[in-house]
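**Student:** Take this structure, written in structure tokens, and hold onto it; I'll ask about it next.
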Amino acid sequence: MKSSSNWKCILTADWHIRADSPVCRTDDFQAAMWKKIRFIFELTHEFMTRDNEDSIPILFAGDLGHRPQWPNWLIEKFMGEIDNYNAFPIRLMMVAGQHDAPEHNLDLLPRSGVGVLMRSEYVTQIDDIQPDILIEGFDYGKKIKKIRNGGSVAVAHQLVIEDKPEWPGQVADSAKSLLKKFPQYDLILTGDNHKAFVVEYEGRILVNPGSMMRTTADQINHKPRVYLWDGEGVEPVYLPIEEGVISREHIDIGQDRDHRISAYIERLNANYEIGLDFKKNMVDHLKANRTRKEIKSRIWGAMGE
């Protein structure tokens with residue numbers, strides 16, 4: 001790894017800070033989440049700026065929260081974690097994702113948990129243009145566009161895929177297509193896609209850091225990370241994780257239930273053909289399936305028979 005004075009900023013996205021725990025997690029999810037956040041905050045001080053007078057900034061590509069409204073204790077907890085670094089304050093500069101905005105409406109952002117953090121200046125929203133640091137921000141719903149001729153950074157909460165669509169009908173820009181379309185950006189940082197990847201094209205780079213937490217069973221092999229950027233290239237820094245804390249039991253239970261329902265429907269279809277006469281269908285169903293007399297009586301009573 002390069003010396004600390006070479007790094008310009010930390011690149012990250014999709015923390016999805018939340019008060020509850022995903023159904024797939026078997027560990028103390030809250031403890032794991034705050035451990036990763038502290039780890040990232042520590043990096044800002046481990047790699048100080050060139051003059052060693054400030055922590056390097058965190059560039060954040062949206063979805064700081066999992067839901068727009070944060071419980072008061074969760075906001076206070078996040079503020080407290082930042083307050084631990086008063087000597088060299090944490091500089092988290094972000095665009096907003098759809099999970100940050102009530103009803104996915106950016107006009108309602110001031111009413112959200114992230115809106116409170118912005119108003120209290122614990123995090124900074126990246127405006128369309130910030131000439132002093134050459135960063136352009138594109139919140140959810142605002143596609144990347146050309147603003148300057150070159151030498152700048154774009155931060156966007158926009159679904160981007162590494163190469164080919166991941167499922168039929170997926171609508172998303174590929175990383176290389178964006179790099180080709182916007183040559184004025186030395187770096188494009190994107191969020192929303194929870195998979196991590198880096199794509200380079202003609203000396204420029206697109207980074208999609210992926211999610212900070214593993215919140216679904218299909219992320220069992222995901223390695224949460226942030227990236228350090230030195231103005232030319234990036235280097236991943238992997239976040240601490242525990243093995244064996246992702247379960248798919250809830251999926252297996254659901255699949256077993258679906259299989260039983262499917263088998264029952266297939267058995268019904270094998271025993272009789274459904275027609276348009278509801279009464280006849282009921283008669284055929286009761287003939288084909290063992291049904292107690294009292295249940296039959298209630299059925300016919302409900303049908304007025």
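Each chain in the structure tokens gets a letter, A, B, ..., in the order shown, and its residues are numbered from 1; ligands are numbered from 1 in order too.
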Select from stretch 56-252 of chain A everything DSSP, run on the backbone, classes as alpha helix (DSSP H), then give the selection as a ChimeraX atom specification.
**Tutor:** /A:72-83,113-119,175-181,249-252
**Student:** Just C-alpha atoms for this one: save the residues we selected as a PDB file, in the first residue's frame.
**Tutor:**
```pdb
ATOM      1  CA  ASN A  72     -33.944   9.458  17.263  1.00  0.00           C
ATOM      2  CA  TRP A  73     -31.531   7.109  19.016  1.00  0.00           C
ATOM      3  CA  LEU A  74     -30.051   6.020  15.675  1.00  0.00           C
ATOM      4  CA  ILE A  75     -29.396   9.617  14.615  1.00  0.00           C
ATOM      5  CA  GLU A  76     -27.847  10.367  18.014  1.00  0.00           C
ATOM      6  CA  LYS A  77     -25.693   7.230  17.772  1.00  0.00           C
ATOM      7  CA  PHE A  78     -24.353   8.213  14.343  1.00  0.00           C
ATOM      8  CA  MET A  79     -23.657  11.776  15.502  1.00  0.00           C
ATOM      9  CA  GLY A  80     -21.855  10.420  18.561  1.00  0.00           C
ATOM     10  CA  GLU A  81     -19.592   8.238  16.440  1.00  0.00           C
ATOM     11  CA  ILE A  82     -18.577  11.293  14.388  1.00  0.00           C
ATOM     12  CA  ASP A  83     -18.132  13.421  17.512  1.00  0.00           C
ATOM     13  CA  GLY A 113     -32.868  11.233   8.915  1.00  0.00           C
ATOM     14  CA  VAL A 114     -30.212  12.127   6.348  1.00  0.00           C
ATOM     15  CA  GLY A 115     -31.817  15.554   6.022  1.00  0.00           C
ATOM     16  CA  VAL A 116     -31.319  16.092   9.757  1.00  0.00           C
ATOM     17  CA  LEU A 117     -27.662  15.039   9.475  1.00  0.00           C
ATOM     18  CA  MET A 118     -27.159  17.460   6.588  1.00  0.00           C
ATOM     19  CA  ARG A 119     -28.879  20.315   8.381  1.00  0.00           C
ATOM     20  CA  ALA A 175     -19.358   1.083 -16.390  1.00  0.00           C
ATOM     21  CA  LYS A 176     -17.408   1.294 -19.636  1.00  0.00           C
ATOM     22  CA  SER A 177     -20.248   3.035 -21.478  1.00  0.00           C
ATOM     23  CA  LEU A 178     -20.276   5.806 -18.855  1.00  0.00           C
ATOM     24  CA  LEU A 179     -16.494   6.196 -18.994  1.00  0.00           C
ATOM     25  CA  LYS A 180     -16.679   6.481 -22.779  1.00  0.00           C
ATOM     26  CA  LYS A 181     -19.577   8.944 -22.636  1.00  0.00           C
ATOM     27  CA  GLU A 249     -33.069 -20.978   6.547  1.00  0.00           C
ATOM     28  CA  HIS A 250     -35.862 -18.474   5.880  1.00  0.00           C
ATOM     29  CA  ILE A 251     -35.494 -19.130   2.146  1.00  0.00           C
ATOM     30  CA  ASP A 252     -35.559 -22.921   2.585  1.00  0.00           C
TER      31      ASP A 252
END
```
**Student:** With only C-alpha atoms as the counted atoms, please give the residues lying no more than 9 Å from A:Lys195, apart from itself and same-chain residues fewer than 3 positions off, as a list in words.
**Tutor:**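 Skipping anything fewer than 3 positions along the chain leaves Ile161, Glu162, Asp192, Asn208, Pro209, Gly210, Ser211, Gln219 and His222 of chain A.
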**Student:** Within 7 Å of A:Val153, counting only C-alpha atoms, which residues show up once you throw out same-chain ones fewer than 3 positions away? Write them as JSON, numbers by chain, please.
**Tutor:** {"A": [134, 135, 136, 185, 186, 187, 188]}
**Student:** Taking into account only C-alpha atoms, which residue in the set A:Phe60, A:Phe47, A:Trp15, A:Trp70 is nearest to A:Thr190?
**Tutor:**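 Selected residue with least distance to A:Thr190: A:Phe60.
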**Student:** Write out as a list in words the residues lying within 12 Å of A:Ser21, counting only C-alpha atoms and excluding same-chain residues fewer than 2 positions away.
**Tutor:** His16, Ile17, Arg18, Ala19, Val23, Cys24, Arg25, Thr26, Asp27, Asp28, Phe29, Gln30, Ala31, Ala32, Met33, His66, Met213, Arg214, Thr215, Thr216 and Ile246 of chain A
**Student:** Just list the residues in stretch 57-178 of chain A DSSP gives strand (DSSP E or B) on the backbone, as a CSV table (one decimal) with C-alpha atoms, in the first residue's frame.
**Tutor:**
```csv
chain,number,residue,atom,x,y,z
A,58,ILE,CA,-15.2,10.2,2.5
A,59,LEU,CA,-17.0,10.4,-0.8
A,60,PHE,CA,-20.3,8.6,-0.4
A,65,GLY,CA,-29.8,5.0,5.6
A,92,LEU,CA,-18.5,12.7,4.8
A,93,MET,CA,-19.6,14.2,1.5
A,94,MET,CA,-22.5,12.5,-0.1
A,124,THR,CA,-22.4,17.4,3.5
A,125,GLN,CA,-24.5,17.1,0.4
A,130,GLN,CA,-18.3,22.5,-6.0
A,135,ILE,CA,-16.7,17.2,-7.3
A,136,GLU,CA,-20.0,17.0,-9.0
A,137,GLY,CA,-22.9,15.2,-7.3
A,138,PHE,CA,-25.9,13.5,-8.8
A,152,SER,CA,-13.2,16.4,-12.1
A,153,VAL,CA,-15.0,13.7,-10.1
A,154,ALA,CA,-18.6,12.5,-10.5
A,155,VAL,CA,-20.5,11.0,-7.6
A,156,ALA,CA,-23.8,9.5,-8.5
A,157,HIS,CA,-26.5,7.2,-7.0
A,160,VAL,CA,-24.5,0.8,-13.0
A,161,ILE,CA,-23.4,-2.7,-13.9
A,173,ASP,CA,-25.7,1.6,-17.9
A,174,SER,CA,-22.5,-0.4,-18.0
```
**Student:** Between atom CA of A:Pro165 and atom CA of A:Leu206, what distance in Å does the model show, to one decimal?
**Tutor:**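 Atom-to-atom, atom CA of A:Pro165 to atom CA of A:Leu206, that is 17.1 Å.
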